[in-house]
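Student: Provided below: upload-v2.cif, containing mmCIF, C-alpha atoms.
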```
data_protein
loop_
_atom_site.label_atom_id
_atom_site.label_comp_id
_atom_site.auth_asym_id
_atom_site.auth_seq_id
_atom_site.Cartn_x
_atom_site.Cartn_y
_atom_site.Cartn_z
CA MET C 217 35.17 8.04 107.49
CA GLN C 218 37.19 5.65 105.42
CA HIS C 219 35.03 2.64 106.11
CA THR C 220 31.68 4.23 105.52
CA ASP C 221 31.57 2.63 102.08
CA ASN C 222 31.79 -0.86 103.42
CA PHE C 223 28.46 -0.69 105.09
CA GLN C 224 26.81 1.80 102.88
CA GLU C 225 24.03 -0.61 102.07
CA ILE C 226 23.29 -1.03 105.70
CA THR C 227 23.59 2.15 107.49
CA HIS C 228 20.80 4.20 106.21
CA HIS C 229 17.85 2.71 104.51
CA HIS C 230 17.98 5.07 101.62
CA ASP C 231 14.30 5.65 101.50
CA TYR C 232 14.35 6.24 105.22
CA ASP C 233 10.99 7.59 106.24
CA ARG C 234 11.31 9.52 109.45
CA GLU C 235 7.61 10.17 109.82
CA ALA C 236 6.75 6.46 109.64
CA SER C 237 9.42 5.61 112.21
CA ARG C 238 8.12 8.27 114.51
CA LYS C 239 4.62 6.82 114.24
CA GLU C 240 5.98 3.38 115.08
CA VAL C 241 7.72 4.76 118.15
CA ILE C 242 4.51 6.36 119.36
CA ARG C 243 2.60 3.15 118.76
CA VAL C 244 5.13 1.04 120.68
CA THR C 245 5.25 3.59 123.51
CA VAL C 246 1.49 3.39 123.86
CA ILE C 247 1.61 -0.41 123.84
CA LEU C 248 4.34 -0.51 126.50
CA THR C 249 2.46 1.98 128.67
CA VAL C 250 -0.79 0.06 128.41
CA ILE C 251 0.90 -3.26 129.21
CA THR C 252 2.61 -1.70 132.24
CA LEU C 253 -0.71 -0.32 133.46
CA VAL C 254 -2.33 -3.73 133.04
CA GLU C 255 0.55 -5.31 134.96
CA LEU C 256 0.11 -2.80 137.76
CA ALA C 257 -3.63 -3.45 137.83
CA LEU C 258 -2.90 -7.16 138.14
CA GLY C 259 -0.38 -6.39 140.88
CA PHE C 260 -2.98 -4.48 142.86
CA TRP C 261 -5.52 -7.21 142.30
CA LEU C 262 -3.00 -9.75 143.53
CA MET C 263 -2.90 -8.03 146.92
CA SER C 264 -6.53 -8.84 147.64
CA ILE C 265 -6.33 -12.47 146.59
CA HIS C 266 -5.25 -15.15 149.01
CA GLN C 267 -6.24 -18.29 147.22
CA GLU C 268 -3.03 -20.03 146.20
CA LEU C 269 -4.07 -21.25 142.76
CA MET C 270 -5.51 -17.90 141.71
CA ARG C 271 -2.35 -16.14 142.86
CA HIS C 272 -0.22 -18.42 140.71
CA PHE C 273 -2.50 -17.79 137.76
CA ILE C 274 -2.21 -14.01 138.07
CA LYS C 275 1.56 -14.24 138.49
CA GLY C 276 1.68 -16.30 135.31
CA LEU C 277 -0.32 -13.64 133.49
CA ILE C 278 2.08 -10.96 134.73
CA CYS C 279 5.00 -13.00 133.38
CA ILE C 280 3.35 -13.25 129.98
CA PHE C 281 2.91 -9.48 129.89
CA MET C 282 6.54 -9.12 130.94
CA LEU C 283 7.63 -11.18 127.94
CA ALA C 284 5.37 -9.13 125.67
CA LYS C 285 7.09 -5.96 126.87
CA ALA C 286 10.49 -7.54 126.31
CA PHE C 287 9.42 -8.43 122.77
CA TYR C 288 8.38 -4.86 121.97
CA ILE C 289 11.53 -3.33 123.46
CA VAL C 290 13.89 -5.70 121.68
CA GLY C 291 11.93 -5.92 118.45
CA TYR C 292 11.13 -2.26 117.89
CA PHE C 293 13.24 -0.06 120.16
CA MET C 294 16.35 -2.13 119.59
CA HIS C 295 15.21 -2.68 116.03
CA LEU C 296 16.00 -6.38 116.04
CA LYS C 297 12.83 -7.21 114.18
CA HIS C 298 14.12 -5.31 111.17
CA GLU C 299 17.53 -6.95 111.01
CA LEU C 300 18.48 -9.83 108.77
CA ARG C 301 17.07 -13.17 109.79
CA ASN C 302 20.50 -14.81 110.12
CA MET C 303 21.65 -12.10 112.45
CA ILE C 304 18.51 -12.37 114.57
CA MET C 305 19.08 -16.10 114.91
CA THR C 306 22.65 -15.74 116.20
CA ILE C 307 21.21 -13.78 119.11
CA VAL C 308 17.90 -15.46 119.74
CA VAL C 309 18.98 -19.10 119.46
CA PRO C 310 21.62 -18.95 122.25
CA LEU C 311 19.05 -17.24 124.46
CA LEU C 312 16.88 -20.35 124.15
CA LEU C 313 19.20 -21.82 126.80
CA PHE C 314 17.13 -19.80 129.22
CA VAL C 315 14.19 -22.10 128.67
CA TRP C 316 16.21 -24.96 130.05
CA PHE C 317 17.80 -22.84 132.78
CA ILE C 318 14.51 -21.62 134.11
CA ILE C 319 12.78 -24.99 134.11
CA ALA C 320 15.75 -26.88 135.55
CA PHE C 321 16.71 -24.44 138.28
CA LEU C 322 13.21 -23.65 139.50
CA ALA C 323 12.35 -27.34 139.57
CA ASP C 324 15.53 -27.97 141.52
CA GLY C 325 14.67 -25.27 144.03
CA ASN C 326 11.22 -26.70 144.44
CA SER C 327 12.54 -30.22 144.91
CA TYR C 328 15.02 -28.98 147.52
CA LYS C 329 12.15 -27.38 149.42
CA ASN C 330 10.11 -30.59 149.36
CA LEU C 331 12.99 -32.82 150.40
CA ARG C 332 13.90 -30.48 153.20
CA ASN C 333 10.35 -30.30 154.50
CA LYS C 334 10.25 -34.07 154.43
CA TYR C 335 13.55 -34.82 156.17
CA ASP C 336 14.21 -31.76 158.32
CA PRO C 337 11.42 -31.38 160.89
CA HIS C 338 13.32 -28.63 162.66
CA HIS C 339 13.25 -26.53 159.51
CA VAL C 340 9.51 -27.08 159.11
CA GLU C 341 8.97 -26.13 162.75
CA GLU C 342 11.00 -22.99 162.32
CA SER C 343 9.27 -21.89 159.16
CA LYS C 344 5.90 -22.18 160.89
CA THR C 345 6.81 -20.16 163.98
CA LYS C 346 5.25 -16.75 163.88
CA VAL C 347 7.21 -13.87 165.34
CA ASP C 348 6.14 -10.40 166.42
CA LYS C 349 6.64 -7.63 163.97
CA PRO C 350 9.91 -5.98 164.98
CA VAL C 351 9.63 -2.39 166.10
CA HIS C 352 11.17 0.02 163.65
CA GLY C 353 14.85 0.67 164.24
CA GLU C 354 15.23 -1.96 166.91
CA GLU C 355 16.18 -4.70 164.50
CA HIS C 356 19.39 -3.07 163.31
CA GLY C 357 22.11 -5.65 163.03
CA ALA C 358 20.26 -8.09 165.21
CA LYS C 359 18.86 -10.08 162.34
CA LYS C 360 22.04 -11.46 160.86
CA GLU C 361 21.64 -15.01 159.86
CA GLY C 362 23.10 -17.49 157.43
CA ALA C 363 22.11 -16.46 153.94
CA ILE C 364 20.80 -19.81 152.86
CA GLU C 365 18.86 -21.31 155.71
CA MET F 227 9.55 -9.94 109.92
CA ALA F 228 13.18 -9.78 108.88
CA GLN F 229 14.33 -7.21 106.41
CA ALA F 230 13.40 -8.05 102.84
CA VAL F 231 16.42 -8.97 100.77
CA PRO F 232 16.42 -9.80 97.09
CA ALA F 233 17.03 -13.51 96.57
CA GLU F 234 20.06 -13.04 94.35
CA GLN F 235 21.78 -10.85 96.93
CA LYS F 236 25.09 -12.57 97.77
CA TRP F 237 25.76 -11.61 101.35
CA TRP F 238 28.60 -14.03 101.89
CA SER F 239 30.68 -13.49 98.77
CA GLY F 240 32.73 -10.73 100.28
CA GLY F 241 32.74 -6.98 100.06
CA LYS F 242 29.60 -6.75 102.13
CA SER F 243 28.66 -7.06 105.75
CA PRO F 244 26.83 -10.38 105.70
CA PHE F 245 24.56 -9.49 108.59
CA ASN F 246 23.96 -6.07 107.16
CA VAL F 247 25.06 -4.48 110.41
CA GLU F 248 28.16 -2.55 111.17
CA TYR F 249 30.83 -4.44 113.12
CA GLY F 250 30.58 -2.39 116.31
CA LYS F 251 26.83 -2.69 116.41
CA LEU F 252 26.98 -6.45 115.97
CA MET F 253 29.51 -6.70 118.79
CA MET F 254 27.26 -4.56 120.96
CA TRP F 255 24.51 -7.10 120.34
CA TYR F 256 26.74 -9.97 121.37
CA PHE F 257 27.91 -8.10 124.43
CA LEU F 258 24.30 -7.49 125.39
CA MET F 259 23.54 -11.16 124.87
CA SER F 260 26.30 -12.09 127.30
CA ASP F 261 25.04 -9.46 129.71
CA ALA F 262 21.59 -10.97 129.40
CA PHE F 263 23.08 -14.24 130.62
CA THR F 264 24.63 -12.48 133.61
CA PHE F 265 21.35 -10.90 134.60
CA GLY F 266 19.56 -14.13 133.80
CA ALA F 267 21.88 -16.01 136.14
CA PHE F 268 21.13 -13.54 138.91
CA LEU F 269 17.39 -13.67 138.41
CA ILE F 270 17.27 -17.43 138.06
CA SER F 271 19.27 -17.94 141.25
CA TYR F 272 16.82 -15.59 142.93
CA GLY F 273 13.97 -17.68 141.56
CA THR F 274 15.62 -20.92 142.67
CA ILE F 275 16.06 -19.67 146.24
CA ARG F 276 12.52 -18.39 146.28
CA PHE F 277 11.20 -21.73 145.06
CA SER F 278 13.20 -23.49 147.75
CA SER F 279 11.80 -21.30 150.54
CA ASN F 280 8.62 -22.12 152.41
CA ASN F 281 7.81 -18.43 152.80
CA TRP F 282 8.82 -15.13 151.37
CA PRO F 283 8.28 -11.47 152.33
CA ASP F 284 5.41 -9.61 150.68
CA PRO F 285 6.79 -6.98 148.26
CA ASN F 286 3.73 -4.82 148.83
CA GLU F 287 4.63 -4.74 152.50
CA VAL F 288 8.27 -3.89 151.85
CA PHE F 289 7.99 -1.40 149.01
CA GLN F 290 5.14 0.82 150.06
CA SER F 291 6.69 4.20 150.68
CA PHE F 292 6.62 7.26 148.51
CA PRO F 293 8.90 10.25 149.10
CA GLY F 294 6.95 13.05 150.75
CA LEU F 295 3.85 10.93 151.28
CA GLY F 296 5.06 8.37 153.81
CA SER F 297 4.10 4.75 153.68
CA GLY F 298 0.97 2.95 152.55
CA TYR F 299 1.42 3.29 148.81
CA PRO F 300 2.42 -0.12 147.49
CA LEU F 301 3.66 -0.21 143.87
CA ALA F 302 3.36 3.57 143.50
CA PHE F 303 7.02 4.54 143.62
CA VAL F 304 8.24 1.66 141.52
CA SER F 305 5.62 2.48 138.88
CA LEU F 306 7.07 5.95 138.69
CA MET F 307 10.56 4.49 138.25
CA THR F 308 9.30 2.13 135.54
CA PHE F 309 7.68 4.93 133.58
CA ILE F 310 10.75 7.13 133.89
CA LEU F 311 12.83 4.37 132.33
CA ILE F 312 10.31 3.66 129.55
CA ILE F 313 10.12 7.34 128.65
CA SER F 314 13.90 7.68 128.61
CA SER F 315 14.02 4.67 126.31
CA VAL F 316 11.58 6.44 123.99
CA THR F 317 13.65 9.61 123.89
CA MET F 318 16.68 7.43 123.09
CA VAL F 319 14.88 5.93 120.07
CA LEU F 320 14.06 9.43 118.95
CA ALA F 321 17.73 10.40 119.29
CA VAL F 322 18.73 7.40 117.16
CA GLN F 323 16.16 8.33 114.52
CA ALA F 324 17.35 11.92 114.53
CA GLY F 325 20.84 10.53 113.96
CA HIS F 326 19.56 8.61 110.93
CA ALA F 327 18.27 11.85 109.52
CA MET F 328 21.59 13.59 110.34
CA ASP F 329 19.66 16.05 112.43
CA LYS F 330 22.27 17.13 114.95
CA LYS F 331 20.05 19.50 116.88
CA SER F 332 17.41 16.85 117.59
CA VAL F 333 20.07 14.31 118.54
CA ILE F 334 21.36 16.72 121.16
CA LYS F 335 17.87 17.49 122.43
CA TYR F 336 16.80 13.88 122.80
CA LEU F 337 20.12 12.77 124.28
CA ILE F 338 19.75 15.42 126.96
CA TRP F 339 16.26 14.15 127.75
CA THR F 340 17.54 10.59 127.92
CA ILE F 341 20.31 11.61 130.30
CA ILE F 342 17.81 13.45 132.49
CA GLY F 343 15.60 10.35 132.54
CA GLY F 344 18.56 8.17 133.55
CA LEU F 345 19.56 10.55 136.32
CA ALA F 346 15.96 10.71 137.54
CA PHE F 347 15.84 6.92 137.70
CA LEU F 348 19.13 6.78 139.61
CA SER F 349 17.88 9.39 142.07
CA CYS F 350 14.73 7.35 142.66
CA GLN F 351 16.81 4.28 143.29
CA ALA F 352 19.11 6.17 145.64
CA TRP F 353 16.10 7.33 147.62
CA GLU F 354 14.63 3.84 147.76
CA TRP F 355 17.90 2.25 148.92
CA THR F 356 18.36 4.93 151.57
CA HIS F 357 14.83 4.46 152.78
CA LEU F 358 15.17 0.68 152.99
CA HIS F 359 18.51 1.05 154.71
CA HIS F 360 16.92 3.26 157.36
CA GLU F 361 14.34 0.57 157.91
CA GLY F 362 17.18 -1.81 158.68
CA ALA F 363 17.40 -3.61 155.37
CA TRP F 364 20.81 -4.23 153.86
CA TRP F 365 22.94 -7.13 152.68
CA GLY F 366 22.78 -9.63 155.53
CA SER F 367 19.99 -7.87 157.37
CA ASN F 368 16.29 -8.26 156.76
CA PRO F 369 13.81 -6.51 159.06
CA PHE F 370 10.77 -7.68 157.11
CA LEU F 371 8.65 -10.66 158.03
CA ASN F 372 7.37 -13.30 155.66
CA MET F 373 3.91 -12.96 154.22
CA ASP F 374 2.47 -15.29 156.85
CA GLY F 375 4.13 -13.55 159.80
CA THR F 376 7.04 -15.95 160.21
CA LYS F 377 10.62 -14.81 160.39
CA ALA F 378 12.29 -14.27 157.02
CA SER F 379 15.84 -15.13 156.07
CA THR F 380 18.18 -12.53 154.63
CA ASN F 381 17.84 -13.99 151.13
CA PHE F 382 15.24 -11.43 150.20
CA THR F 383 17.36 -8.37 150.93
CA ASN F 384 20.56 -9.97 149.64
CA PHE F 385 19.03 -10.63 146.25
CA PHE F 386 17.20 -7.33 146.15
CA PHE F 387 20.27 -5.20 146.78
CA THR F 388 22.54 -7.30 144.58
CA ILE F 389 20.27 -7.36 141.56
CA THR F 390 18.88 -3.82 141.71
CA GLY F 391 22.42 -2.67 142.51
CA PHE F 392 23.83 -4.42 139.45
CA HIS F 393 21.05 -2.95 137.35
CA GLY F 394 21.61 0.49 138.85
CA PHE F 395 25.28 0.19 137.94
CA HIS F 396 24.22 -0.48 134.34
CA VAL F 397 21.98 2.57 134.38
CA PHE F 398 24.87 4.59 135.74
CA SER F 399 27.27 3.45 133.04
CA GLY F 400 24.52 4.02 130.45
CA VAL F 401 24.20 7.62 131.61
CA ILE F 402 27.98 8.05 131.36
CA ILE F 403 27.95 6.60 127.83
CA ASN F 404 25.10 8.92 126.85
CA ILE F 405 26.96 11.91 128.23
CA ILE F 406 30.00 10.95 126.16
CA MET F 407 27.74 10.62 123.11
CA LEU F 408 26.32 14.05 123.84
CA ILE F 409 29.78 15.61 124.05
CA MET F 410 30.83 13.90 120.82
CA THR F 411 27.68 15.08 119.07
CA ILE F 412 28.18 18.65 120.23
CA ASN F 413 31.79 18.51 119.02
CA ASP F 414 30.61 17.44 115.54
CA VAL F 415 32.47 14.13 115.71
CA PHE F 416 29.61 12.27 114.03
CA GLU F 417 29.01 15.02 111.48
CA ARG F 418 32.63 14.61 110.40
CA ARG F 419 32.26 10.83 110.30
CA GLY F 420 29.22 11.19 108.14
CA HIS F 421 27.00 8.96 110.24
CA TYR F 422 25.56 8.65 113.72
CA LEU F 423 26.01 4.89 114.14
CA MET F 424 27.63 5.43 117.52
CA ILE F 425 24.36 6.78 118.88
CA GLU F 426 22.70 3.55 117.76
CA LYS F 427 25.16 1.46 119.75
CA ALA F 428 24.68 3.61 122.85
CA GLY F 429 20.96 3.32 122.20
CA LEU F 430 21.13 -0.48 122.14
CA TYR F 431 22.83 -0.45 125.52
CA TRP F 432 20.30 1.98 126.94
CA HIS F 433 17.32 -0.08 125.74
CA PHE F 434 18.91 -3.17 127.23
CA VAL F 435 19.00 -1.43 130.61
CA ASP F 436 15.30 -0.70 130.21
CA LEU F 437 14.70 -4.30 129.18
CA VAL F 438 16.43 -5.65 132.28
CA TRP F 439 14.33 -3.36 134.42
CA VAL F 440 11.19 -4.94 132.95
CA PHE F 441 12.35 -8.25 134.39
CA VAL F 442 13.63 -6.88 137.69
CA PHE F 443 10.44 -4.92 138.20
CA THR F 444 8.30 -7.98 137.60
CA CYS F 445 10.37 -10.39 139.67
CA PHE F 446 10.86 -8.21 142.73
CA TYR F 447 7.90 -5.89 142.93
CA LEU F 448 4.99 -7.55 141.20
CA ILE F 449 5.13 -11.24 141.91
#
```
Take the structure in this file and express it as structure tokens.
Tutor:
Amino acid sequence: MQHTDNFQEITHHHDYDREASRKEVIRVTVILTVITLVELALGFWLMSIHQELMRHFIKGLICIFMLAKAFYIVGYFMHLKHELRNMIMTIVVPLLLFVWFIIAFLADGNSYKNLRNKYDPHHVEESKTKVDKPVHGEEHGAKKEGAIE
Amino acid sequence: MAQAVPAEQKWWSGGKSPFNVEYGKLMMWYFLMSDAFTFGAFLISYGTIRFSSNNWPDPNEVFQSFPGLGSGYPLAFVSLMTFILIISSVTMVLAVQAGHAMDKKSVIKYLIWTIIGGLAFLSCQAWEWTHLHHEGAWWGSNPFLNMDGTKASTNFTNFFFTITGFHGFHVFSGVIINIIMLIMTINDVFERRGHYLMIEKAGLYWHFVDLVWVFVFTCFYLI
């Protein structure tokens, strides 16, 4: 109660238009729904495709749609788009670290795979050995193995 | 873009909140940012392990059951879960907007819908975990084969249960927070305070849970 005055200018946009906000919510809901449906369509399409390059391409598309959804949720539902620019920057700029994280770690994983395939023939042998599909229920507890092979 | 502010507005000369947000809400943002790094660390380690593996199980093979229908429905159940979470996020926005308008009755209505959505999502997840567990999947145990028919390591199930479990825990705490908000609203706490800012903070948390699901859904079920 006592500190309401301090953020009076903030709390309620005085000319707050509920109808307009409601329209925006409906618009964003429709966008999110459509993007999700497109993602699912791509997911189903992915099942029928076995060509490696094409699969990577579709997965990339799905990731772009994922980021679009994230943008709409953060920007409109969490209202970040309507905050002050300085405040937005204190949140968005640190998150840029993710760009480095993702590139560095995935590249590292990939390099580990390549090195291992090159120097560890046993591992290559093992990862090429096909096994029979285990019968349901039989596999309980029998499949324990080191987490990182 | 960002909120329009008159050029002569002196945000930093005192007496005003320079970011034009209430303290608690700003701290909620920073908490969520740190939480984003936690989830990011989980998902990136998952990605790293996946990139370092020659093969990986096919999600459409693993997640293909629907309660009451049996198996053979890839993506169906998880789509349902995704839509439940999106819709509960929408009802949360509506609750926040009702709070702006000091409309107590609508706040209560939409909070109840949000709580129902959260509980529905948790029930779906409980069913899915139980089902996978019956199939023999758990931490340290992976009954599924890789896409090309070779034997899979337990990395797949370890990451799946850890990350969806951590997300489910967030959904759970979000539901608890929303229930507390509901009780406070019913008891007129916010009416007496003169504003419903608390609902906004709970709303931020709830949307974040939805946001994380967008990433989890993509990383585990789609690609």
Student: Counting only C-alpha atoms, what is within 9 Å of Gly375 (chain F), bar same-chain residues fewer than 3 positions away, as an mmCIF file with C-alpha atoms, keeping the file's coordinate frame?
Tutor:
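Saved as selection_20.cif:
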```cif
data_model
loop_
_atom_site.group_PDB
_atom_site.id
_atom_site.type_symbol
_atom_site.label_atom_id
_atom_site.label_comp_id
_atom_site.auth_asym_id
_atom_site.auth_seq_id
_atom_site.Cartn_x
_atom_site.Cartn_y
_atom_site.Cartn_z
ATOM 1 C CA LYS C 344 5.900 -22.180 160.890
ATOM 2 C CA THR C 345 6.810 -20.160 163.980
ATOM 3 C CA LYS C 346 5.250 -16.750 163.880
ATOM 4 C CA VAL C 347 7.210 -13.870 165.340
ATOM 5 C CA ASP C 348 6.140 -10.400 166.420
ATOM 6 C CA LYS C 349 6.640 -7.630 163.970
ATOM 7 C CA PRO F 283 8.280 -11.470 152.330
ATOM 8 C CA LEU F 371 8.650 -10.660 158.030
ATOM 9 C CA ASN F 372 7.370 -13.300 155.660
ATOM 10 C CA ALA F 378 12.290 -14.270 157.020
#
```
Student: Considering all atoms listed in the file, state which residue in the set F:Lys335, F:Lys236, F:His359, F:Lys242 is at the smallest distance from chain C.
Tutor: F:Lys242
Student: When you get a sec, could you note down which chain F residues fall within 6 Å of chain C, using only C-alpha atoms, as a VMD selection string?
Tutor: chain F and resid 228 to 229 245 to 246 274 277 to 278 362 366 to 367 375 to 376 380 to 381 419 430 448 to 449
Student: Any idea what's packed within 9 Å of Val304 (chain F), counting all atoms listed in the file, ignoring anything in its chain fewer than 3 positions away? Could you give it as a PyMOL selection string?
Tutor: chain F and resi 289+300-301+307-309+350+443+447
Student: Set up a box along x, y and z of the file covering all listed atoms of region 279-292 of chain F, add 5 Å on every one of the six sides, and write the centre and edge lengths in Å to one decimal, as JSON.
Tutor:
```
{"center_x": 7.8, "center_y": -7.4, "center_z": 150.5, "size_x": 18.1, "size_y": 39.4, "size_z": 14.5}
```
Student: Please write as number ranges by chain the full residue list that the PyMOL selection byres ((chain F and resi 422-425) around 8) yields on this file.
Tutor: C: 227; F: 251, 321-322, 325-326, 328, 407, 416-417, 419-421, 426-429
Student: State, in Å with one decimal place, the distance from CA of Val250 (chain C) to CA of Ser305 (chain F).
Tutor: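 Those two atoms sit 12.5 Å apart.
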Student: For a quick check of your reading of the model, name the residues lying within 12 Å of the coordinate (17.0, 13.3, 130.4), counting only C-alpha atoms, and write them as a CSV table (one decimal) with C-alpha atoms, keeping the file's coordinate frame.
Tutor:
```
chain,number,residue,atom,x,y,z
F,310,ILE,CA,10.8,7.1,133.9
F,311,LEU,CA,12.8,4.4,132.3
F,312,ILE,CA,10.3,3.7,129.6
F,313,ILE,CA,10.1,7.3,128.6
F,314,SER,CA,13.9,7.7,128.6
F,315,SER,CA,14.0,4.7,126.3
F,316,VAL,CA,11.6,6.4,124.0
F,317,THR,CA,13.6,9.6,123.9
F,318,MET,CA,16.7,7.4,123.1
F,321,ALA,CA,17.7,10.4,119.3
F,334,ILE,CA,21.4,16.7,121.2
F,335,LYS,CA,17.9,17.5,122.4
F,336,TYR,CA,16.8,13.9,122.8
F,337,LEU,CA,20.1,12.8,124.3
F,338,ILE,CA,19.8,15.4,127.0
F,339,TRP,CA,16.3,14.2,127.8
F,340,THR,CA,17.5,10.6,127.9
F,341,ILE,CA,20.3,11.6,130.3
F,342,ILE,CA,17.8,13.4,132.5
F,343,GLY,CA,15.6,10.4,132.5
F,344,GLY,CA,18.6,8.2,133.6
F,345,LEU,CA,19.6,10.6,136.3
F,346,ALA,CA,16.0,10.7,137.5
F,347,PHE,CA,15.8,6.9,137.7
F,348,LEU,CA,19.1,6.8,139.6
F,400,GLY,CA,24.5,4.0,130.4
F,401,VAL,CA,24.2,7.6,131.6
F,404,ASN,CA,25.1,8.9,126.8
F,405,ILE,CA,27.0,11.9,128.2
F,408,LEU,CA,26.3,14.0,123.8
```
Student: One decimal, in Å: what's the spacing between CA of Asp284 (chain F) and CA of Met373 (chain F)?
Tutor: 5.1 Å
Student: Between CA of Trp355 (chain F) and CA of His396 (chain F), what is the distance in Å, rounded to a tenth?
Tutor: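 About the pair CA of Trp355 (chain F) and CA of His396 (chain F): they are 16.1 Å apart.
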Student: When you write region 302-317 of chain C out from the block above, keep C-alpha atoms and present the result as a PDB file, in the first residue's frame, please.
Tutor:
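Result file selection.pdb:
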```
ATOM      1  CA  ASN C 302      17.373  -0.437 -21.026  1.00  0.00           C
ATOM      2  CA  MET C 303      15.528  -3.039 -19.036  1.00  0.00           C
ATOM      3  CA  ILE C 304      15.144  -5.309 -22.056  1.00  0.00           C
ATOM      4  CA  MET C 305      18.874  -5.084 -22.674  1.00  0.00           C
ATOM      5  CA  THR C 306      19.824  -6.168 -19.150  1.00  0.00           C
ATOM      6  CA  ILE C 307      17.986  -9.412 -19.836  1.00  0.00           C
ATOM      7  CA  VAL C 308      18.652 -10.027 -23.495  1.00  0.00           C
ATOM      8  CA  VAL C 309      22.356  -9.172 -23.612  1.00  0.00           C
ATOM      9  CA  PRO C 310      23.451 -11.773 -21.006  1.00  0.00           C
ATOM     10  CA  LEU C 311      21.389 -14.364 -22.863  1.00  0.00           C
ATOM     11  CA  LEU C 312      23.601 -13.780 -25.899  1.00  0.00           C
ATOM     12  CA  LEU C 313      26.097 -16.038 -24.103  1.00  0.00           C
ATOM     13  CA  PHE C 314      23.936 -18.850 -25.382  1.00  0.00           C
ATOM     14  CA  VAL C 315      25.108 -18.180 -28.909  1.00  0.00           C
ATOM     15  CA  TRP C 316      28.625 -19.016 -27.861  1.00  0.00           C
ATOM     16  CA  PHE C 317      27.540 -21.895 -25.623  1.00  0.00           C
TER      17      PHE C 317
END
```
